[in-house]
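Shown next, in structure tokens, is the structure this report addresses.
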Amino acid sequence: MIGIIQYGAGNIFSLTAALDRLGIAYGMIEKESDFGQYDRYIIPGVGHAGAAMLKLESTGLVPTIRQLTKPVLGICVGMQLITAFSEEGNADLLNIIPVKTLRFKEAESLKVPHTGWNQVHPKETEDLFKNIAADAYFYFVHSYFIEYNNLYTLASTQYGVRFSAAIRKDNFFGVQFHPEKSGTAGETLLKNFANL
């Protein structure tokens with residue numbers, strides 16, 4: 001059973017629709033006592049990382065999130081929140097994974113935000129990408145990216161620079177793309193997370 005952390009900055013509808021299609025049970029976490037009901041957690045998020053962090057802090061859930069030992073998946077801005085710092089709002093974030101979230105540089109050939117389908121290249125041994133083609137396409141919408149770091153990067157994508165499409169430290173995972181909008185590959189990833 002997955003607990004979705006509710007803090008007012010999430011893309012809840014598309015995520016819950018995907019979980020419903022897959023028959024994956026879920027519920028909402030709005031207060032500290034809700035965490036005990038679930039064995040996995042998702043931090044969703046769309047929009048501005050700095051503003052999302054302020055909303056998350058206002059819930060009082062941050063100390064509990066930092067201490068979670070069961071699998072946690074951050075999606076899009078939810079992934080950025082588990083990093084140390086974002087250039088978006090010059091914001092200090094949860095600092096669970098010690099990497100930075102940086103802004104794409106505008107260029108003639110590269111529109112920002114990075115929007116649409118792009119190939120994701122996972123590390124071969126990663127369970128989150130089990131039964132997903134090595135160069136599968138996933139759906140992205142973001143202006144900020146997480147720097148590539150061999151210690152924490154699970155999968156990479158190229159858009160002007162090579163960046164982390166997925167990261168991991170211990171039980172904390174993050175994906176920059178939207179698995180709930182990424183067709184079969186995204187649904188497989190959500191199933192993999194539900195079975196970790």
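Just remember, in the structure tokens the first chain shown is A, the second B, etc., residues are 1-based per chain, and ligands are 1-based in the order shown.
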Residues of region 10-186 of chain A in strand (DSSP E or B) according to DSSP, as a compact mmCIF listing (two decimals) with all heavy atoms, in the first residue's frame?
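Result went into part.txt, see below:
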# COMPACT_ATOMS: atom_id res chain seq x y z
N TYR A 26 -3.56 2.67 -2.65
CA TYR A 26 -2.88 3.87 -2.14
C TYR A 26 -3.82 4.64 -1.23
O TYR A 26 -5.04 4.40 -1.20
CB TYR A 26 -2.42 4.76 -3.30
CG TYR A 26 -3.57 5.29 -4.13
CD1 TYR A 26 -4.23 6.48 -3.78
CD2 TYR A 26 -4.03 4.59 -5.25
CE1 TYR A 26 -5.30 6.94 -4.51
CE2 TYR A 26 -5.10 5.06 -5.99
CZ TYR A 26 -5.73 6.23 -5.62
OH TYR A 26 -6.80 6.69 -6.34
N GLY A 27 -3.25 5.58 -0.49
CA GLY A 27 -4.03 6.51 0.32
C GLY A 27 -3.23 7.78 0.47
O GLY A 27 -2.10 7.89 -0.05
N MET A 28 -3.78 8.76 1.16
CA MET A 28 -3.14 10.07 1.29
C MET A 28 -2.54 10.26 2.68
O MET A 28 -3.15 9.88 3.69
CB MET A 28 -4.15 11.19 1.02
CG MET A 28 -4.76 11.13 -0.37
SD MET A 28 -3.51 11.32 -1.67
CE MET A 28 -4.42 10.66 -3.08
N ILE A 29 -1.38 10.87 2.72
CA ILE A 29 -0.71 11.21 3.99
C ILE A 29 -0.81 12.71 4.18
O ILE A 29 -0.28 13.49 3.36
CB ILE A 29 0.76 10.76 3.97
CG1 ILE A 29 0.84 9.23 3.95
CG2 ILE A 29 1.51 11.34 5.17
CD1 ILE A 29 2.23 8.68 3.85
N ARG A 40 5.10 1.97 1.57
CA ARG A 40 5.87 2.71 0.57
C ARG A 40 5.27 4.11 0.48
O ARG A 40 4.10 4.29 0.78
CB ARG A 40 5.75 2.08 -0.82
CG ARG A 40 6.63 0.88 -1.02
CD ARG A 40 6.18 0.02 -2.19
NE ARG A 40 6.93 -1.21 -2.19
CZ ARG A 40 6.80 -2.17 -1.30
NH1 ARG A 40 5.92 -2.06 -0.33
NH2 ARG A 40 7.54 -3.25 -1.36
N TYR A 41 6.08 5.06 -0.03
CA TYR A 41 5.61 6.45 -0.07
C TYR A 41 5.98 7.09 -1.40
O TYR A 41 7.04 6.79 -1.97
CB TYR A 41 6.23 7.26 1.07
CG TYR A 41 6.08 6.59 2.42
CD1 TYR A 41 7.13 5.87 2.99
CD2 TYR A 41 4.88 6.64 3.10
CE1 TYR A 41 6.98 5.22 4.20
CE2 TYR A 41 4.71 6.01 4.33
CZ TYR A 41 5.76 5.29 4.87
OH TYR A 41 5.61 4.65 6.06
N ILE A 42 5.12 7.99 -1.88
CA ILE A 42 5.43 8.79 -3.06
C ILE A 42 5.34 10.26 -2.67
O ILE A 42 4.37 10.69 -2.02
CB ILE A 42 4.46 8.49 -4.23
CG1 ILE A 42 4.75 7.10 -4.81
CG2 ILE A 42 4.61 9.55 -5.34
CD1 ILE A 42 3.82 6.69 -5.95
N ILE A 43 6.37 11.03 -3.06
CA ILE A 43 6.33 12.49 -2.94
C ILE A 43 6.09 13.03 -4.35
O ILE A 43 7.01 13.01 -5.18
CB ILE A 43 7.65 13.06 -2.38
CG1 ILE A 43 8.05 12.38 -1.07
CG2 ILE A 43 7.52 14.58 -2.19
CD1 ILE A 43 9.44 12.76 -0.57
N VAL A 72 10.80 5.15 -0.71
CA VAL A 72 10.20 6.46 -1.01
C VAL A 72 10.53 6.80 -2.46
O VAL A 72 11.68 6.64 -2.89
CB VAL A 72 10.79 7.56 -0.09
CG1 VAL A 72 10.17 8.92 -0.41
CG2 VAL A 72 10.61 7.20 1.38
N LEU A 73 9.54 7.28 -3.22
CA LEU A 73 9.75 7.69 -4.61
C LEU A 73 9.32 9.14 -4.78
O LEU A 73 8.15 9.48 -4.59
CB LEU A 73 8.94 6.81 -5.57
CG LEU A 73 9.00 7.18 -7.06
CD1 LEU A 73 10.41 7.00 -7.61
CD2 LEU A 73 8.00 6.35 -7.86
N GLY A 74 10.27 10.02 -5.14
CA GLY A 74 9.95 11.39 -5.49
C GLY A 74 9.76 11.49 -7.00
O GLY A 74 10.56 10.95 -7.76
N ILE A 75 8.69 12.16 -7.44
CA ILE A 75 8.40 12.31 -8.86
C ILE A 75 8.48 13.78 -9.24
O ILE A 75 7.85 14.63 -8.61
CB ILE A 75 7.00 11.75 -9.21
CG1 ILE A 75 6.95 10.24 -8.97
CG2 ILE A 75 6.63 12.08 -10.65
CD1 ILE A 75 5.57 9.62 -9.16
N THR A 83 16.84 16.37 -3.06
CA THR A 83 18.23 16.81 -3.24
C THR A 83 18.56 17.87 -2.19
O THR A 83 17.73 18.25 -1.36
CB THR A 83 18.47 17.35 -4.67
OG1 THR A 83 17.79 18.60 -4.87
CG2 THR A 83 18.02 16.35 -5.72
N ALA A 84 19.80 18.37 -2.25
CA ALA A 84 20.27 19.30 -1.22
C ALA A 84 19.83 20.74 -1.46
O ALA A 84 19.53 21.48 -0.52
CB ALA A 84 21.80 19.24 -1.14
N PHE A 85 19.78 21.14 -2.74
CA PHE A 85 19.64 22.57 -3.06
C PHE A 85 19.09 22.72 -4.47
O PHE A 85 19.42 21.92 -5.35
CB PHE A 85 21.02 23.24 -2.97
CG PHE A 85 21.05 24.67 -3.46
CD1 PHE A 85 20.67 25.71 -2.62
CD2 PHE A 85 21.44 24.98 -4.76
CE1 PHE A 85 20.69 27.03 -3.07
CE2 PHE A 85 21.47 26.28 -5.21
CZ PHE A 85 21.09 27.32 -4.36
N SER A 86 18.26 23.74 -4.68
CA SER A 86 17.80 24.06 -6.04
C SER A 86 18.11 25.51 -6.38
O SER A 86 17.90 26.41 -5.54
CB SER A 86 16.29 23.83 -6.17
OG SER A 86 15.86 24.21 -7.47
N ALA A 91 16.90 27.59 -3.08
CA ALA A 91 16.27 26.96 -1.92
C ALA A 91 17.06 25.78 -1.39
O ALA A 91 17.52 24.93 -2.16
CB ALA A 91 14.87 26.49 -2.32
N ASP A 92 17.22 25.74 -0.07
CA ASP A 92 17.71 24.53 0.59
C ASP A 92 16.56 23.54 0.66
O ASP A 92 15.44 23.91 1.04
CB ASP A 92 18.22 24.85 2.00
CG ASP A 92 19.52 25.65 1.95
OD1 ASP A 92 20.35 25.39 1.05
OD2 ASP A 92 19.68 26.54 2.80
N ILE A 97 19.65 13.35 -0.54
CA ILE A 97 20.68 12.96 -1.51
C ILE A 97 21.51 14.21 -1.81
O ILE A 97 20.96 15.22 -2.27
CB ILE A 97 20.06 12.37 -2.79
CG1 ILE A 97 19.19 11.14 -2.43
CG2 ILE A 97 21.14 11.98 -3.80
CD1 ILE A 97 18.57 10.42 -3.61
N PRO A 98 22.83 14.18 -1.55
CA PRO A 98 23.65 15.39 -1.60
C PRO A 98 24.06 15.80 -3.02
O PRO A 98 25.25 15.81 -3.37
CB PRO A 98 24.86 15.03 -0.74
CG PRO A 98 25.00 13.55 -0.90
CD PRO A 98 23.59 13.02 -1.05
N VAL A 99 23.06 16.12 -3.84
CA VAL A 99 23.31 16.64 -5.19
C VAL A 99 22.47 17.90 -5.36
O VAL A 99 21.56 18.16 -4.57
CB VAL A 99 22.95 15.60 -6.29
CG1 VAL A 99 23.94 14.44 -6.27
CG2 VAL A 99 21.53 15.10 -6.14
N LYS A 100 22.76 18.67 -6.43
CA LYS A 100 22.06 19.95 -6.64
C LYS A 100 21.12 19.87 -7.83
O LYS A 100 21.34 19.12 -8.78
CB LYS A 100 23.08 21.06 -6.88
CG LYS A 100 23.90 21.40 -5.64
CD LYS A 100 24.91 22.49 -5.95
CE LYS A 100 25.74 22.79 -4.71
NZ LYS A 100 26.85 23.71 -5.02
N THR A 101 20.08 20.70 -7.76
CA THR A 101 19.13 20.87 -8.85
C THR A 101 19.46 22.20 -9.54
O THR A 101 19.45 23.26 -8.89
CB THR A 101 17.69 20.87 -8.31
OG1 THR A 101 17.44 19.61 -7.66
CG2 THR A 101 16.69 21.06 -9.43
N LEU A 102 19.79 22.14 -10.83
CA LEU A 102 20.31 23.29 -11.58
C LEU A 102 19.40 23.64 -12.74
O LEU A 102 18.63 22.81 -13.22
CB LEU A 102 21.70 22.95 -12.12
CG LEU A 102 22.71 22.41 -11.09
CD1 LEU A 102 23.97 21.91 -11.78
CD2 LEU A 102 23.04 23.47 -10.05
N ARG A 103 19.51 24.87 -13.23
CA ARG A 103 18.67 25.31 -14.36
C ARG A 103 19.34 24.97 -15.69
O ARG A 103 20.54 25.17 -15.85
CB ARG A 103 18.40 26.81 -14.28
CG ARG A 103 17.47 27.27 -15.43
CD ARG A 103 16.95 28.67 -15.26
NE ARG A 103 16.29 29.10 -16.48
CZ ARG A 103 15.04 28.82 -16.82
NH1 ARG A 103 14.29 28.08 -16.02
NH2 ARG A 103 14.52 29.25 -17.96
N ALA A 107 19.46 27.74 -25.17
CA ALA A 107 20.30 27.72 -26.37
C ALA A 107 19.38 27.69 -27.58
O ALA A 107 18.20 27.36 -27.48
CB ALA A 107 21.22 26.50 -26.36
N LEU A 110 17.95 24.28 -27.98
CA LEU A 110 17.34 23.66 -26.79
C LEU A 110 16.33 24.60 -26.16
O LEU A 110 16.69 25.64 -25.62
CB LEU A 110 18.42 23.34 -25.76
CG LEU A 110 19.46 22.29 -26.15
CD1 LEU A 110 20.51 22.18 -25.07
CD2 LEU A 110 18.79 20.94 -26.37
N HIS A 114 12.44 21.67 -20.84
CA HIS A 114 12.60 20.41 -21.57
C HIS A 114 11.25 19.70 -21.47
O HIS A 114 10.86 19.27 -20.39
CB HIS A 114 13.72 19.60 -20.89
CG HIS A 114 13.83 18.18 -21.34
ND1 HIS A 114 14.14 17.17 -20.46
CD2 HIS A 114 13.70 17.60 -22.55
CE1 HIS A 114 14.20 16.02 -21.12
NE2 HIS A 114 13.92 16.25 -22.39
N THR A 115 10.55 19.61 -22.59
CA THR A 115 9.18 19.08 -22.58
C THR A 115 9.05 18.00 -23.64
O THR A 115 9.41 18.23 -24.80
CB THR A 115 8.16 20.19 -22.88
OG1 THR A 115 8.33 21.23 -21.91
CG2 THR A 115 6.74 19.68 -22.80
N GLY A 116 8.53 16.85 -23.25
CA GLY A 116 8.24 15.79 -24.20
C GLY A 116 8.99 14.51 -23.87
O GLY A 116 9.50 14.32 -22.77
N TRP A 117 9.04 13.63 -24.86
CA TRP A 117 9.58 12.29 -24.69
C TRP A 117 11.08 12.29 -24.90
O TRP A 117 11.58 12.91 -25.83
CB TRP A 117 8.92 11.33 -25.67
CG TRP A 117 7.46 11.18 -25.42
CD1 TRP A 117 6.46 11.97 -25.90
CD2 TRP A 117 6.82 10.20 -24.60
NE1 TRP A 117 5.24 11.55 -25.42
CE2 TRP A 117 5.43 10.46 -24.62
CE3 TRP A 117 7.30 9.12 -23.83
CZ2 TRP A 117 4.51 9.68 -23.94
CZ3 TRP A 117 6.38 8.35 -23.15
CH2 TRP A 117 5.01 8.63 -23.19
N ASN A 118 11.80 11.61 -24.01
CA ASN A 118 13.25 11.49 -24.16
C ASN A 118 13.69 10.12 -23.64
O ASN A 118 13.02 9.52 -22.80
CB ASN A 118 13.97 12.61 -23.39
CG ASN A 118 15.36 12.90 -23.94
OD1 ASN A 118 15.95 12.07 -24.62
ND2 ASN A 118 15.88 14.08 -23.65
N GLN A 119 14.82 9.67 -24.19
CA GLN A 119 15.32 8.35 -23.80
C GLN A 119 15.99 8.41 -22.43
O GLN A 119 16.67 9.37 -22.09
CB GLN A 119 16.35 7.85 -24.82
CG GLN A 119 15.71 7.28 -26.06
CD GLN A 119 16.76 6.73 -26.99
OE1 GLN A 119 17.69 7.43 -27.38
NE2 GLN A 119 16.62 5.47 -27.36
N HIS A 121 18.48 6.15 -19.86
CA HIS A 121 19.48 5.08 -19.88
C HIS A 121 19.78 4.63 -18.45
O HIS A 121 20.57 5.25 -17.74
CB HIS A 121 20.77 5.59 -20.55
CG HIS A 121 20.51 6.26 -21.87
ND1 HIS A 121 20.20 5.56 -23.01
CD2 HIS A 121 20.50 7.56 -22.21
CE1 HIS A 121 20.02 6.41 -24.01
NE2 HIS A 121 20.19 7.63 -23.55
N PRO A 122 19.13 3.55 -18.00
CA PRO A 122 19.34 3.10 -16.61
C PRO A 122 20.61 2.27 -16.46
O PRO A 122 21.11 1.69 -17.42
CB PRO A 122 18.10 2.24 -16.33
CG PRO A 122 17.67 1.74 -17.67
CD PRO A 122 18.10 2.76 -18.70
N TYR A 137 11.65 5.40 -23.71
CA TYR A 137 11.30 6.82 -23.65
C TYR A 137 10.33 7.07 -22.49
O TYR A 137 9.41 6.29 -22.25
CB TYR A 137 10.62 7.25 -24.96
CG TYR A 137 11.59 7.47 -26.09
CD1 TYR A 137 12.06 6.40 -26.85
CD2 TYR A 137 12.05 8.75 -26.41
CE1 TYR A 137 12.96 6.60 -27.89
CE2 TYR A 137 12.94 8.96 -27.45
CZ TYR A 137 13.39 7.89 -28.19
OH TYR A 137 14.28 8.09 -29.21
N PHE A 138 10.57 8.20 -21.81
CA PHE A 138 9.69 8.65 -20.74
C PHE A 138 9.34 10.11 -20.99
O PHE A 138 10.04 10.81 -21.72
CB PHE A 138 10.39 8.52 -19.37
CG PHE A 138 10.56 7.10 -18.90
CD1 PHE A 138 11.62 6.33 -19.34
CD2 PHE A 138 9.65 6.54 -18.01
CE1 PHE A 138 11.78 5.02 -18.90
CE2 PHE A 138 9.81 5.23 -17.57
CZ PHE A 138 10.86 4.47 -18.01
N TYR A 139 8.28 10.59 -20.33
CA TYR A 139 7.77 11.93 -20.59
C TYR A 139 8.27 12.92 -19.53
O TYR A 139 8.07 12.73 -18.33
CB TYR A 139 6.23 11.92 -20.59
CG TYR A 139 5.66 13.24 -21.05
CD1 TYR A 139 5.63 13.57 -22.41
CD2 TYR A 139 5.17 14.16 -20.13
CE1 TYR A 139 5.13 14.79 -22.83
CE2 TYR A 139 4.67 15.38 -20.55
CZ TYR A 139 4.65 15.69 -21.90
OH TYR A 139 4.16 16.91 -22.32
N PHE A 140 8.90 14.00 -20.02
CA PHE A 140 9.51 15.02 -19.15
C PHE A 140 8.82 16.37 -19.33
O PHE A 140 8.42 16.73 -20.44
CB PHE A 140 10.98 15.23 -19.53
CG PHE A 140 11.90 14.09 -19.20
CD1 PHE A 140 12.03 13.00 -20.07
CD2 PHE A 140 12.68 14.11 -18.05
CE1 PHE A 140 12.90 11.96 -19.79
CE2 PHE A 140 13.56 13.07 -17.76
CZ PHE A 140 13.67 11.99 -18.62
N VAL A 141 8.74 17.15 -18.25
CA VAL A 141 8.39 18.58 -18.30
C VAL A 141 9.15 19.25 -17.17
O VAL A 141 8.74 19.17 -16.01
CB VAL A 141 6.88 18.84 -18.09
CG1 VAL A 141 6.58 20.33 -18.29
CG2 VAL A 141 6.02 18.02 -19.00
N HIS A 142 10.28 19.90 -17.48
CA HIS A 142 11.05 20.55 -16.40
C HIS A 142 12.04 21.55 -16.96
O HIS A 142 12.58 21.38 -18.06
CB HIS A 142 11.79 19.50 -15.54
CG HIS A 142 12.78 18.66 -16.30
ND1 HIS A 142 14.11 18.57 -15.92
CD2 HIS A 142 12.66 17.88 -17.39
CE1 HIS A 142 14.75 17.76 -16.77
NE2 HIS A 142 13.89 17.33 -17.67
N TYR A 144 14.50 22.64 -14.66
CA TYR A 144 15.64 22.40 -13.76
C TYR A 144 15.96 20.92 -13.77
O TYR A 144 15.06 20.08 -13.88
CB TYR A 144 15.31 22.86 -12.34
CG TYR A 144 15.19 24.36 -12.24
CD1 TYR A 144 14.04 25.01 -12.69
CD2 TYR A 144 16.23 25.13 -11.74
CE1 TYR A 144 13.93 26.39 -12.64
CE2 TYR A 144 16.13 26.52 -11.67
CZ TYR A 144 14.98 27.14 -12.13
OH TYR A 144 14.88 28.51 -12.07
N PHE A 145 17.24 20.60 -13.66
CA PHE A 145 17.67 19.20 -13.73
C PHE A 145 18.59 18.89 -12.56
O PHE A 145 19.19 19.78 -11.96
CB PHE A 145 18.40 18.93 -15.05
CG PHE A 145 19.73 19.67 -15.18
CD1 PHE A 145 20.92 19.07 -14.80
CD2 PHE A 145 19.77 20.96 -15.69
CE1 PHE A 145 22.13 19.74 -14.90
CE2 PHE A 145 20.99 21.64 -15.80
CZ PHE A 145 22.17 21.03 -15.41
N ILE A 146 18.72 17.61 -12.26
CA ILE A 146 19.60 17.17 -11.18
C ILE A 146 20.92 16.73 -11.77
O ILE A 146 20.97 15.92 -12.70
CB ILE A 146 18.93 16.06 -10.35
CG1 ILE A 146 17.75 16.71 -9.61
CG2 ILE A 146 19.90 15.41 -9.38
CD1 ILE A 146 16.81 15.76 -8.99
N GLU A 147 21.99 17.30 -11.25
CA GLU A 147 23.32 17.04 -11.78
C GLU A 147 23.62 15.54 -11.76
O GLU A 147 23.19 14.82 -10.87
CB GLU A 147 24.38 17.81 -10.98
CG GLU A 147 24.42 17.45 -9.51
CD GLU A 147 25.38 18.31 -8.70
OE1 GLU A 147 26.28 18.93 -9.30
OE2 GLU A 147 25.24 18.35 -7.47
N THR A 153 23.25 8.48 -9.32
CA THR A 153 22.44 8.42 -10.53
C THR A 153 22.09 6.98 -10.86
O THR A 153 22.96 6.13 -11.01
CB THR A 153 23.20 9.07 -11.71
OG1 THR A 153 23.47 10.44 -11.39
CG2 THR A 153 22.38 9.00 -12.99
N LEU A 154 20.78 6.70 -10.98
CA LEU A 154 20.29 5.38 -11.40
C LEU A 154 20.11 5.30 -12.90
O LEU A 154 20.20 4.23 -13.48
CB LEU A 154 18.88 5.13 -10.81
CG LEU A 154 18.73 4.86 -9.35
CD1 LEU A 154 17.29 4.49 -9.07
CD2 LEU A 154 19.63 3.73 -8.95
N ALA A 155 19.76 6.44 -13.49
CA ALA A 155 19.50 6.49 -14.93
C ALA A 155 19.78 7.92 -15.39
O ALA A 155 19.55 8.88 -14.64
CB ALA A 155 18.06 6.11 -15.24
N SER A 156 20.27 8.05 -16.62
CA SER A 156 20.61 9.38 -17.14
C SER A 156 19.85 9.67 -18.43
O SER A 156 19.36 8.76 -19.11
CB SER A 156 22.11 9.48 -17.38
OG SER A 156 22.51 8.54 -18.37
N THR A 157 19.77 10.95 -18.75
CA THR A 157 19.15 11.44 -19.98
C THR A 157 20.01 12.58 -20.49
O THR A 157 20.68 13.26 -19.71
CB THR A 157 17.71 11.92 -19.71
OG1 THR A 157 16.92 10.80 -19.32
CG2 THR A 157 17.07 12.53 -20.94
N GLN A 158 19.98 12.79 -21.79
CA GLN A 158 20.75 13.85 -22.42
C GLN A 158 19.80 14.92 -22.92
O GLN A 158 18.84 14.63 -23.65
CB GLN A 158 21.53 13.25 -23.61
CG GLN A 158 22.58 14.17 -24.20
CD GLN A 158 23.85 14.23 -23.39
OE1 GLN A 158 24.18 13.28 -22.68
NE2 GLN A 158 24.57 15.33 -23.47
N TYR A 159 20.04 16.17 -22.50
CA TYR A 159 19.33 17.31 -23.09
C TYR A 159 20.26 18.52 -22.96
O TYR A 159 20.24 19.23 -21.96
CB TYR A 159 18.00 17.58 -22.38
CG TYR A 159 17.14 18.60 -23.10
CD1 TYR A 159 16.52 18.28 -24.32
CD2 TYR A 159 16.96 19.88 -22.60
CE1 TYR A 159 15.75 19.21 -24.99
CE2 TYR A 159 16.18 20.81 -23.27
CZ TYR A 159 15.58 20.47 -24.46
OH TYR A 159 14.81 21.40 -25.14
N VAL A 161 22.95 18.75 -21.74
CA VAL A 161 23.90 18.15 -20.79
C VAL A 161 23.36 16.77 -20.41
O VAL A 161 22.17 16.48 -20.59
CB VAL A 161 24.04 19.00 -19.51
CG1 VAL A 161 24.69 20.33 -19.81
CG2 VAL A 161 22.69 19.20 -18.82
N ARG A 162 24.24 15.95 -19.89
CA ARG A 162 23.82 14.67 -19.33
C ARG A 162 23.36 14.94 -17.90
O ARG A 162 24.07 15.58 -17.12
CB ARG A 162 25.00 13.71 -19.34
CG ARG A 162 24.69 12.30 -18.88
CD ARG A 162 26.00 11.53 -18.77
NE ARG A 162 25.77 10.12 -18.57
CZ ARG A 162 26.71 9.28 -18.14
NH1 ARG A 162 27.93 9.72 -17.87
NH2 ARG A 162 26.45 8.00 -17.98
N PHE A 163 22.16 14.49 -17.57
CA PHE A 163 21.65 14.75 -16.22
C PHE A 163 21.01 13.49 -15.66
O PHE A 163 20.80 12.50 -16.36
CB PHE A 163 20.67 15.94 -16.22
CG PHE A 163 19.37 15.68 -16.94
CD1 PHE A 163 18.27 15.17 -16.28
CD2 PHE A 163 19.24 15.97 -18.30
CE1 PHE A 163 17.07 14.93 -16.93
CE2 PHE A 163 18.03 15.75 -18.97
CZ PHE A 163 16.96 15.23 -18.28
N SER A 164 20.69 13.54 -14.38
CA SER A 164 20.09 12.39 -13.70
C SER A 164 18.59 12.34 -13.98
O SER A 164 17.85 13.22 -13.55
CB SER A 164 20.30 12.50 -12.18
OG SER A 164 21.66 12.40 -11.86
N ALA A 165 18.17 11.30 -14.69
CA ALA A 165 16.74 11.07 -14.89
C ALA A 165 16.15 10.34 -13.70
O ALA A 165 14.95 10.42 -13.43
CB ALA A 165 16.51 10.27 -16.16
N ALA A 166 17.01 9.60 -12.97
CA ALA A 166 16.59 8.90 -11.76
C ALA A 166 17.77 8.84 -10.81
O ALA A 166 18.92 8.70 -11.24
CB ALA A 166 16.10 7.49 -12.09
N ILE A 167 17.48 8.97 -9.52
CA ILE A 167 18.53 8.92 -8.49
C ILE A 167 18.10 7.99 -7.37
O ILE A 167 16.93 7.67 -7.21
CB ILE A 167 18.85 10.33 -7.92
CG1 ILE A 167 17.56 11.02 -7.41
CG2 ILE A 167 19.58 11.19 -8.93
CD1 ILE A 167 17.80 12.36 -6.73
N ARG A 168 19.11 7.60 -6.57
CA ARG A 168 18.81 6.75 -5.41
C ARG A 168 19.89 6.92 -4.34
O ARG A 168 21.07 7.02 -4.62
CB ARG A 168 18.78 5.28 -5.82
CG ARG A 168 18.55 4.37 -4.61
CD ARG A 168 18.62 2.91 -4.92
NE ARG A 168 18.23 2.12 -3.76
CZ ARG A 168 18.17 0.81 -3.72
NH1 ARG A 168 18.47 0.10 -4.80
NH2 ARG A 168 17.81 0.19 -2.62
N LYS A 169 19.43 6.93 -3.11
CA LYS A 169 20.31 6.74 -1.95
C LYS A 169 19.53 5.91 -0.94
O LYS A 169 18.46 6.34 -0.48
CB LYS A 169 20.72 8.08 -1.33
CG LYS A 169 21.70 7.89 -0.17
CD LYS A 169 22.01 9.21 0.51
CE LYS A 169 22.91 8.97 1.70
NZ LYS A 169 23.03 10.19 2.54
N PHE A 172 15.60 5.85 -0.66
CA PHE A 172 15.03 7.02 -1.34
C PHE A 172 15.36 6.98 -2.83
O PHE A 172 16.52 6.90 -3.22
CB PHE A 172 15.58 8.31 -0.73
CG PHE A 172 14.97 8.64 0.60
CD1 PHE A 172 15.54 8.16 1.77
CD2 PHE A 172 13.83 9.43 0.69
CE1 PHE A 172 14.98 8.44 3.00
CE2 PHE A 172 13.27 9.72 1.93
CZ PHE A 172 13.84 9.22 3.09
N PHE A 173 14.31 7.04 -3.65
CA PHE A 173 14.42 7.05 -5.10
C PHE A 173 13.79 8.33 -5.64
O PHE A 173 12.86 8.87 -5.03
CB PHE A 173 13.65 5.86 -5.71
CG PHE A 173 14.13 4.51 -5.29
CD1 PHE A 173 13.77 3.97 -4.06
CD2 PHE A 173 14.94 3.75 -6.13
CE1 PHE A 173 14.20 2.71 -3.68
CE2 PHE A 173 15.38 2.50 -5.75
CZ PHE A 173 15.01 1.97 -4.53
N GLY A 174 14.25 8.78 -6.80
CA GLY A 174 13.59 9.91 -7.44
C GLY A 174 13.64 9.74 -8.95
O GLY A 174 14.62 9.20 -9.49
N VAL A 175 12.59 10.18 -9.63
CA VAL A 175 12.56 10.20 -11.09
C VAL A 175 12.15 11.59 -11.55
O VAL A 175 11.19 12.17 -11.03
CB VAL A 175 11.63 9.11 -11.68
CG1 VAL A 175 12.19 7.73 -11.40
CG2 VAL A 175 10.20 9.22 -11.17
Checklist outcome for this item: Computed gap from CA of Asn131 (chain A) to CA of Ala194 (chain A) is 14.1 Å
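Going from CA of Met53 (chain A) to CA of Leu81 (chain A) covers 6.7 Å.
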Checklist entry - Residues of region 28-100 of chain A in helix (DSSP H, G or I) according to DSSP, as a PyMOL selection string? => result chain A and resi 32-37+49-59+62-66+77-81
